[in-house]
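Q: Please read through the structure below; I'll follow up with questions.
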Amino acid sequence: MWRCFLFLVFLVHTFSSAQVESERDKRGVFTKNYFGGVWGNRPPLMEYRQPAPKCSCKCGERNEESRIVDGVEAGINEFPWMAKLTYFKRFYCGGMVIADRYVLTAAHCVKGFMWFMIKVTFGEHNRCNATVRPETRFVVRVIAQNFTLPNFDNDIALLRLNEKIPLSGSIKPICLPKSNQNLYVGAKAVASGWGTLTEEGKVSCTLQEVEVPVLSNQVCRNTKYSASMITDNMLCAGYPQTGGKDSCQGDSGGPLITERKSDKRYELIGVVSWGNGCARPGYPGVYTRVTNYLNWIRANTQDACYCSN
């Protein structure tokens, strides 16, 4: 009986994924989710209205001393907010710690799967190193913000974890922007993840980073993307003239960050979402614009402990 039930679940998931692939092919656009799903089980209807605890920590502190200069591989624990999402022991997306019990990721990374089978790991650099046991948590609730499949608008989701994340030197949250008015045009931004190193390549064992400039939406709408594909909830970054640097498949849900001039700490400005291939001329990477969701994030994480911003 159980075998029949599990087989039925598998068929439903496979059929849903096939529908999603068909939608994607019509647009000629690739999400950067390595696993490929979009629709799945709804989260449980539970609310957490506990008083927010007090924290004595700082967000956005990058571990610069471990950075590999002029390389594409990130230093060990250089980005301590990085989270890795796995589904049935298979890596497929990234995410980032924003508070002691919450991870932010892309909606298309969680809508296609049974949320209770998603495992989140922290403090990891080489995901292929079986001798290291990273900190692990499971998802107990998924909150997605009106994600729209045809154009990937509102591609953002919150994951509430079964236990608090032990914050340390190797596990720290990323800062959220202080203002929702900053467009970050021209800012030097950094994307990181374990995604593929080339468009048709294999996912990376070690965490990678790439620096890309933020474009205005006007510039992005004048690239090879049609103007209607880039909504106000999106942010573009990359080199539209030459290509060459970009996030790629498997990087979905991961962070796009920039350094604040005021205190040299880093804040989250984008969530890796989609693009036409990887690093192609005329097609910069497209990210979810985090500043448009600050109120939504705060409203849905009222029980969270946020580090000093």
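Going by the structure tokens order, chains are called A, B, ..., each with residues numbered from 1, while ligands are numbered from 1 in the order shown.
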Identify, with DSSP run on backbone atoms, the residues in range 73-147 of chain A assigned to strand (DSSP E or B), and express the list as a PyMOL selection string.

A: chain A and resi 73+82-87+90-99+102-105+118-122+126+135-144

Q: Write out as a PyMOL selection string each polymer residue whose atoms come within 7 Å of range 113-127 of chain A, counting only C-alpha atoms; drop sequence neighbours fewer than 2 positions from it.

A: chain A and resi 37+39-41+43+76-77+80+82-88+110-111+129+134-140+142+170-171+205-207

Q: Restrict the calculation to only C-alpha atoms, then for each residue of range 220-269 of chain A with any atom at most 10 Å from an atom of range 144-163 of chain A give the closest atom pair and their distance in Å to one decimal, rows by chain and rising residue number, as a tab-separated table.

A:
```
residue	atom	partner	partner_atom	distance
A:Ser228	CA	A:Asn151	CA	8.9
A:Met229	CA	A:Asn151	CA	6.3
A:Ile230	CA	A:Asn151	CA	8.3
A:Thr231	CA	A:Asp153	CA	6.9
A:Asp232	CA	A:Asp153	CA	8.9
A:Asn233	CA	A:Asn154	CA	6.6
A:Met234	CA	A:Asp153	CA	7.5
A:Gly253	CA	A:Ile156	CA	7.9
```

Q: Next, dump the selected residues to file, keeping only all heavy atoms, as a short mmCIF file (atom, residue, chain, number, x, y, z; two decimals), in the first residue's frame.

A:
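Output file result-v7.cif is given in full below:
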```cif
data_model
loop_
_atom_site.label_atom_id
_atom_site.label_comp_id
_atom_site.auth_asym_id
_atom_site.auth_seq_id
_atom_site.Cartn_x
_atom_site.Cartn_y
_atom_site.Cartn_z
N SER A 228 8.64 43.73 -21.41
CA SER A 228 7.59 43.23 -20.52
C SER A 228 8.08 42.12 -19.59
O SER A 228 7.44 41.82 -18.59
CB SER A 228 6.41 42.72 -21.34
OG SER A 228 6.81 41.64 -22.17
N MET A 229 9.22 41.52 -19.91
CA MET A 229 9.73 40.43 -19.09
C MET A 229 10.35 40.94 -17.79
O MET A 229 10.45 40.19 -16.82
CB MET A 229 10.77 39.62 -19.87
CG MET A 229 10.22 38.89 -21.07
SD MET A 229 11.50 38.06 -22.05
CE MET A 229 11.86 36.66 -21.02
N ILE A 230 10.78 42.19 -17.77
CA ILE A 230 11.46 42.76 -16.60
C ILE A 230 10.47 43.63 -15.83
O ILE A 230 10.17 44.75 -16.23
CB ILE A 230 12.70 43.58 -17.02
CG1 ILE A 230 13.60 42.77 -17.95
CG2 ILE A 230 13.46 44.05 -15.79
CD1 ILE A 230 14.12 41.47 -17.37
N THR A 231 9.96 43.11 -14.71
CA THR A 231 9.00 43.86 -13.91
C THR A 231 9.75 44.74 -12.90
O THR A 231 10.97 44.61 -12.71
CB THR A 231 8.05 42.92 -13.14
OG1 THR A 231 8.77 42.32 -12.03
CG2 THR A 231 7.51 41.83 -14.06
N ASP A 232 9.00 45.61 -12.23
CA ASP A 232 9.60 46.48 -11.22
C ASP A 232 10.08 45.71 -10.00
O ASP A 232 10.83 46.24 -9.19
CB ASP A 232 8.60 47.55 -10.78
CG ASP A 232 8.32 48.57 -11.88
OD1 ASP A 232 9.15 48.69 -12.81
OD2 ASP A 232 7.27 49.25 -11.81
N ASN A 233 9.66 44.46 -9.87
CA ASN A 233 10.09 43.62 -8.75
C ASN A 233 11.38 42.87 -9.06
O ASN A 233 11.82 42.04 -8.27
CB ASN A 233 9.00 42.61 -8.40
CG ASN A 233 7.76 43.28 -7.85
OD1 ASN A 233 7.85 44.23 -7.07
ND2 ASN A 233 6.59 42.80 -8.26
N MET A 234 11.97 43.18 -10.19
CA MET A 234 13.19 42.50 -10.61
C MET A 234 14.36 43.48 -10.67
O MET A 234 14.17 44.69 -10.80
CB MET A 234 13.00 41.84 -11.98
CG MET A 234 11.93 40.77 -11.99
SD MET A 234 11.59 40.13 -13.66
CE MET A 234 10.19 39.06 -13.33
N GLY A 253 17.93 31.15 -5.82
CA GLY A 253 17.64 31.33 -4.41
C GLY A 253 18.77 31.92 -3.62
O GLY A 253 18.59 32.34 -2.47
#
```

Q: From the list A:Tyr283, A:Tyr306, A:Trp81, A:Tyr92, which residue is nearest Thr242 in chain A when using only C-alpha atoms?

A: A:Tyr283

Q: Restricting the calculation to only C-alpha atoms: of A:Glu209, A:Cys57, A:Pro240, A:Cys93, which residue gets closest to Tyr225 in chain A?

A: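 The closest residue to Tyr225 in chain A is A:Pro240.
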
Q: Could you please determine the separation between CA of Glu211 in chain A and CA of Cys59 in chain A in Å, to one decimal place?

A: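 CA of Cys59 in chain A lies at a distance of 20.5 Å from CA of Glu211 in chain A.
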
Q: Just list the residues in range 184-264 of chain A DSSP gives alpha helix (DSSP H) on the backbone, as a count of residues only.

A: 5

Q: Give the answer as one residue: which of A:Ser262, A:Gln241, A:Asn295, A:Gln302 has the shortest atom-to-atom distance to Gly282 in chain A, using only C-alpha atoms?

A: A:Gln241

Q: Using only C-alpha atoms, which residues sit within 10 Å of Ser56 in chain A once same-chain residues fewer than 4 positions away are excluded, as an mmCIF file with N, CA, C and O atoms, in the first residue's frame?

A:
```cif
data_model
loop_
_atom_site.group_PDB
_atom_site.id
_atom_site.type_symbol
_atom_site.label_atom_id
_atom_site.label_comp_id
_atom_site.auth_asym_id
_atom_site.auth_seq_id
_atom_site.Cartn_x
_atom_site.Cartn_y
_atom_site.Cartn_z
ATOM 1 N N CYS A 305 14.714 36.542 15.556
ATOM 2 C CA CYS A 305 15.745 37.334 16.215
ATOM 3 C C CYS A 305 16.669 37.875 15.126
ATOM 4 O O CYS A 305 17.410 37.119 14.498
ATOM 5 N N TYR A 306 16.597 39.179 14.889
ATOM 6 C CA TYR A 306 17.439 39.814 13.879
ATOM 7 C C TYR A 306 18.678 40.404 14.534
ATOM 8 O O TYR A 306 18.586 41.068 15.569
ATOM 9 N N CYS A 307 19.822 40.179 13.892
ATOM 10 C CA CYS A 307 21.058 40.786 14.382
ATOM 11 C C CYS A 307 21.049 42.278 14.097
ATOM 12 O O CYS A 307 20.307 42.762 13.236
ATOM 13 N N SER A 308 21.913 43.009 14.772
ATOM 14 C CA SER A 308 21.999 44.453 14.607
ATOM 15 C C SER A 308 22.286 44.807 13.158
ATOM 16 O O SER A 308 23.203 44.270 12.538
#
```

Q: Restricting the calculation to only C-alpha atoms, which member of A:Ile143, A:Val214, A:Val219, A:Cys278 is positioned closest to Gly243 in chain A?

A: A:Cys278

Q: Determine the nearest neighbour of Gln249 in chain A from the options A:Gln181, A:Thr198, A:Ser216, A:Asn63, counting only C-alpha atoms.

A: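 Closest residue, counting only C-alpha atoms: A:Thr198.
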